[in-house]
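Comments concern the structure below.
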Amino acid sequence: MESLMRPAPPVGAGGHPGRVLFTLMQCLPFLLGLAVLVIELTPAHFLYTGPMLTAIPALAAVALGPRGTMGAAAFAVAISATTATYNAAWGSLQVYTNFLALALVAVAGFISSTAVQARRQKMIDELDQVRRIAVAAQDVVLHPVPARMGPVSAGSLCLVAGTGAQVGGDLYEAVQTRYGVRLIVGDVRGKGLSAVRAVAAALGAFREAVHYEDDLVEVMNRCTAALRREALMPGAYEAEILLEGFTTALIAQVPDEPVVHLVNRGHPPPMLLHRGKATPLMPSTPLPPLGLEDLVTGLPGKPETYPFLPGDRLLLYTDGVIEARDREGEFFGLPETMEAIAAGTTPSQFLERLHHSLIRHTGGDLADDVAVILADRHEI
C-alpha cells in the first residue's frame, strides 16, 4: 500500500477569528453608508455626514482591493446624490465639496490598494514557493511504507496542517530487518525547515541502526545521538532542536513471535486492536522525549513487551490525532473510531476511513500535523 501524504483541507471561515475580523472590515464601508442614510433621511439630518461618506472609500481600500474601493466610492456618491435630492441641497457648496472629497479619496484609495494588492500577491507567490520547496524536502525524507513486511501488512498516513511556509515535524518509518519488523513514529515540536532537518537526522540514524543494533533501546539512543550531532552543526541551534523543539518518539519491533516490543520516549501510546477492542499500550515507566535525558536519573535498559497476536492491529500515531478537536472543543475519540471503522478493512481502507473521520470531526481544521503507521499481524 502506498503511503498517504496529503495537505490538510483549508481552514473554514467559521471559528477563525482573523477571518471573521477581515469580513467585518469588508462590511464596514457599507455599514457606514447605511448609517449616513439613516441620519440624512431622519430628523437627525442636521448632523454633518460629509466626513463619514469620505471615509467609505478609504476604509474599502484597506480590505476590498482596487475594484472594491471604486465600488464603495460609487456607493458613497449614490448616497450623497440621494440625500442631496431628498434634502433639496443641490446647488449648495457643501454638496459639491463632498463630491470633490469623495473623488480625491477614491483615487488615492485606488492607487494605494493597487500597490498593496501587488505587494501582497508577490509575498503570497514567494511564500508558496518556499512552502513547495519545504514540502518537497519533507517528501524526500519520508519514504512510503512497504505493503508487506514479514509477519505484518502496513500502511501510513500523513496530513500536514501547517500554514504558510510551515511544514510538519512528524516522522515515521517501517523497515524489515533480521530482528523483525521495526517501526518508528515521532514528532519534532515545531515546524518549518528546522523541524524537517531534525526529522531527517532522526530517521537517518534509525534507518541505519535498525539493521545492526539488536537492542531496541540502543536504536533509540542512536536517534538521540543524531539529534545532538545535528544541533552542533553550523546553522543549527541546540535549544531549538533539542529543548524548545524536543522530539518524542516511539519505536516498535514485531518479531516472529506473537509479541511487540516497544520503547516509548514521551510519545502517545500505540493503540492495539484485539478482537474489536482498542486498548492503549501504556508504558509502565513514562520516559522523557529525546534530548531531555538529563531530567531523569537512569533510563530503563529494556523495551516493554506486549502480546500482538495474528489478527491484531497496531496503530502508531502522533498527538495530532488525539488532540484534534471539533468546534465544541471535544477531542477526537481514537479508540472508539478504531473500533467503529476497523471491521473488514485492509490497512489502506482503514487509513482512508480514519482520514475522513478526522476531517469530519475537525471540520477540516486540523490544528496539528498527523502521522500514522498501521501494522496488521498475520500468521507466518
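Starting from 1 in every chain, residues are counted up; chains themselves are A, B, ... following the order of the C-alpha cells, and ligands are numbered from 1 as listed.
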Within region 201-350 of chain A, find each residue whose DSSP state, derived from the backbone, is strand (DSSP E or B), and express the selection as a PyMOL selection string.
chain A and resi 247-254+259-265+271-274+277-280+290+304-307+313-317+325+331
Emit the selected residues as a PDB file, in the first residue's frame, including C-alpha atoms.
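Everything below was put into part_22.pdb:
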ATOM      1  CA  THR A 247      11.350  15.161  19.794  1.00  0.00           C
ATOM      2  CA  THR A 248       9.012  12.496  21.115  1.00  0.00           C
ATOM      3  CA  ALA A 249       9.430   9.052  19.575  1.00  0.00           C
ATOM      4  CA  LEU A 250       8.085   5.527  19.743  1.00  0.00           C
ATOM      5  CA  ILE A 251       9.923   2.517  18.309  1.00  0.00           C
ATOM      6  CA  ALA A 252       8.197  -0.837  17.895  1.00  0.00           C
ATOM      7  CA  GLN A 253       9.624  -4.222  16.939  1.00  0.00           C
ATOM      8  CA  VAL A 254       7.460  -7.083  15.651  1.00  0.00           C
ATOM      9  CA  VAL A 259       4.508 -10.089  20.618  1.00  0.00           C
ATOM     10  CA  VAL A 260       5.529  -6.473  20.042  1.00  0.00           C
ATOM     11  CA  HIS A 261       8.432  -4.766  21.801  1.00  0.00           C
ATOM     12  CA  LEU A 262       8.125  -1.033  22.487  1.00  0.00           C
ATOM     13  CA  VAL A 263      10.443   1.788  23.510  1.00  0.00           C
ATOM     14  CA  ASN A 264       8.446   4.933  24.214  1.00  0.00           C
ATOM     15  CA  ARG A 265      10.147   8.279  24.768  1.00  0.00           C
ATOM     16  CA  MET A 271      -3.359   1.536  20.172  1.00  0.00           C
ATOM     17  CA  LEU A 272      -3.771  -2.230  19.943  1.00  0.00           C
ATOM     18  CA  LEU A 273      -6.985  -3.500  18.374  1.00  0.00           C
ATOM     19  CA  HIS A 274      -7.630  -7.033  19.637  1.00  0.00           C
ATOM     20  CA  LYS A 277     -11.461  -3.742  21.278  1.00  0.00           C
ATOM     21  CA  ALA A 278      -8.928  -0.890  21.110  1.00  0.00           C
ATOM     22  CA  THR A 279      -6.536  -0.541  24.070  1.00  0.00           C
ATOM     23  CA  PRO A 280      -3.629   1.895  24.547  1.00  0.00           C
ATOM     24  CA  LEU A 290      14.724  12.655  23.123  1.00  0.00           C
ATOM     25  CA  GLU A 304       8.491  -3.356  27.135  1.00  0.00           C
ATOM     26  CA  THR A 305       6.732  -6.353  25.611  1.00  0.00           C
ATOM     27  CA  TYR A 306       3.025  -6.820  24.860  1.00  0.00           C
ATOM     28  CA  PRO A 307       1.030  -9.601  23.147  1.00  0.00           C
ATOM     29  CA  ARG A 313      -3.977  -4.368  14.528  1.00  0.00           C
ATOM     30  CA  LEU A 314      -1.384  -1.936  15.913  1.00  0.00           C
ATOM     31  CA  LEU A 315      -1.678   1.815  15.354  1.00  0.00           C
ATOM     32  CA  LEU A 316       1.263   4.168  15.965  1.00  0.00           C
ATOM     33  CA  TYR A 317       0.354   7.867  15.698  1.00  0.00           C
ATOM     34  CA  ARG A 325     -10.869  18.966  18.395  1.00  0.00           C
ATOM     35  CA  PHE A 331     -11.131  15.707  21.465  1.00  0.00           C
TER      36      PHE A 331
END
* Please identify all polymer residues within 8 Å of His211 (chain A), counting only C-alpha atoms, omitting same-chain residues fewer than 5 positions from it, and present them as number ranges by chain. => A: 177-179
Handout entry: Selected residue of minimal separation from Arg222 (chain A) among A:Gly276, A:Ile359, A:Leu354, A:Gly291, counting only C-alpha atoms
Key =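 Checking each of A:Gly276, A:Ile359, A:Leu354, A:Gly291 against Arg222 (chain A), counting only C-alpha atoms, the winner is A:Gly291.
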Expressed in Å, the length from CA of Val181 (chain A) to CA of His378 (chain A) is 12.4 Å
I need the residue nearest Ser113 (chain A) from this list: A:Met149, A:Ala76, A:Met70, A:Val95. Use only C-alpha atoms for the distance.
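Among the listed residues, the smallest separation from Ser113 (chain A) belongs to A:Met70.
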- Apply DSSP to the structure's backbone, then extract all residues of region 43-205 of chain A labelled helix (DSSP H, G or I) and return them as a PyMOL selection string. chain A and resi 43-46+50-63+65-86+93-141+193-205
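For the residues A:Ala63, A:Val219, A:Ala118, A:Ala106, ranking by smallest atom-to-atom distance to Val77 (chain A) using only C-alpha atoms places A:Ala106 first.
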Interatomic distance, CA of His267 (chain A) to CA of Ser348 (chain A) (Å, one decimal):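 The value is 23.8 Å.
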| request: Between CA of Gly169 (chain A) and CA of Thr224 (chain A), measure the distance and give it in Å to one decimal. | output: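 Separation between CA of Gly169 (chain A) and CA of Thr224 (chain A): 15.6 Å.
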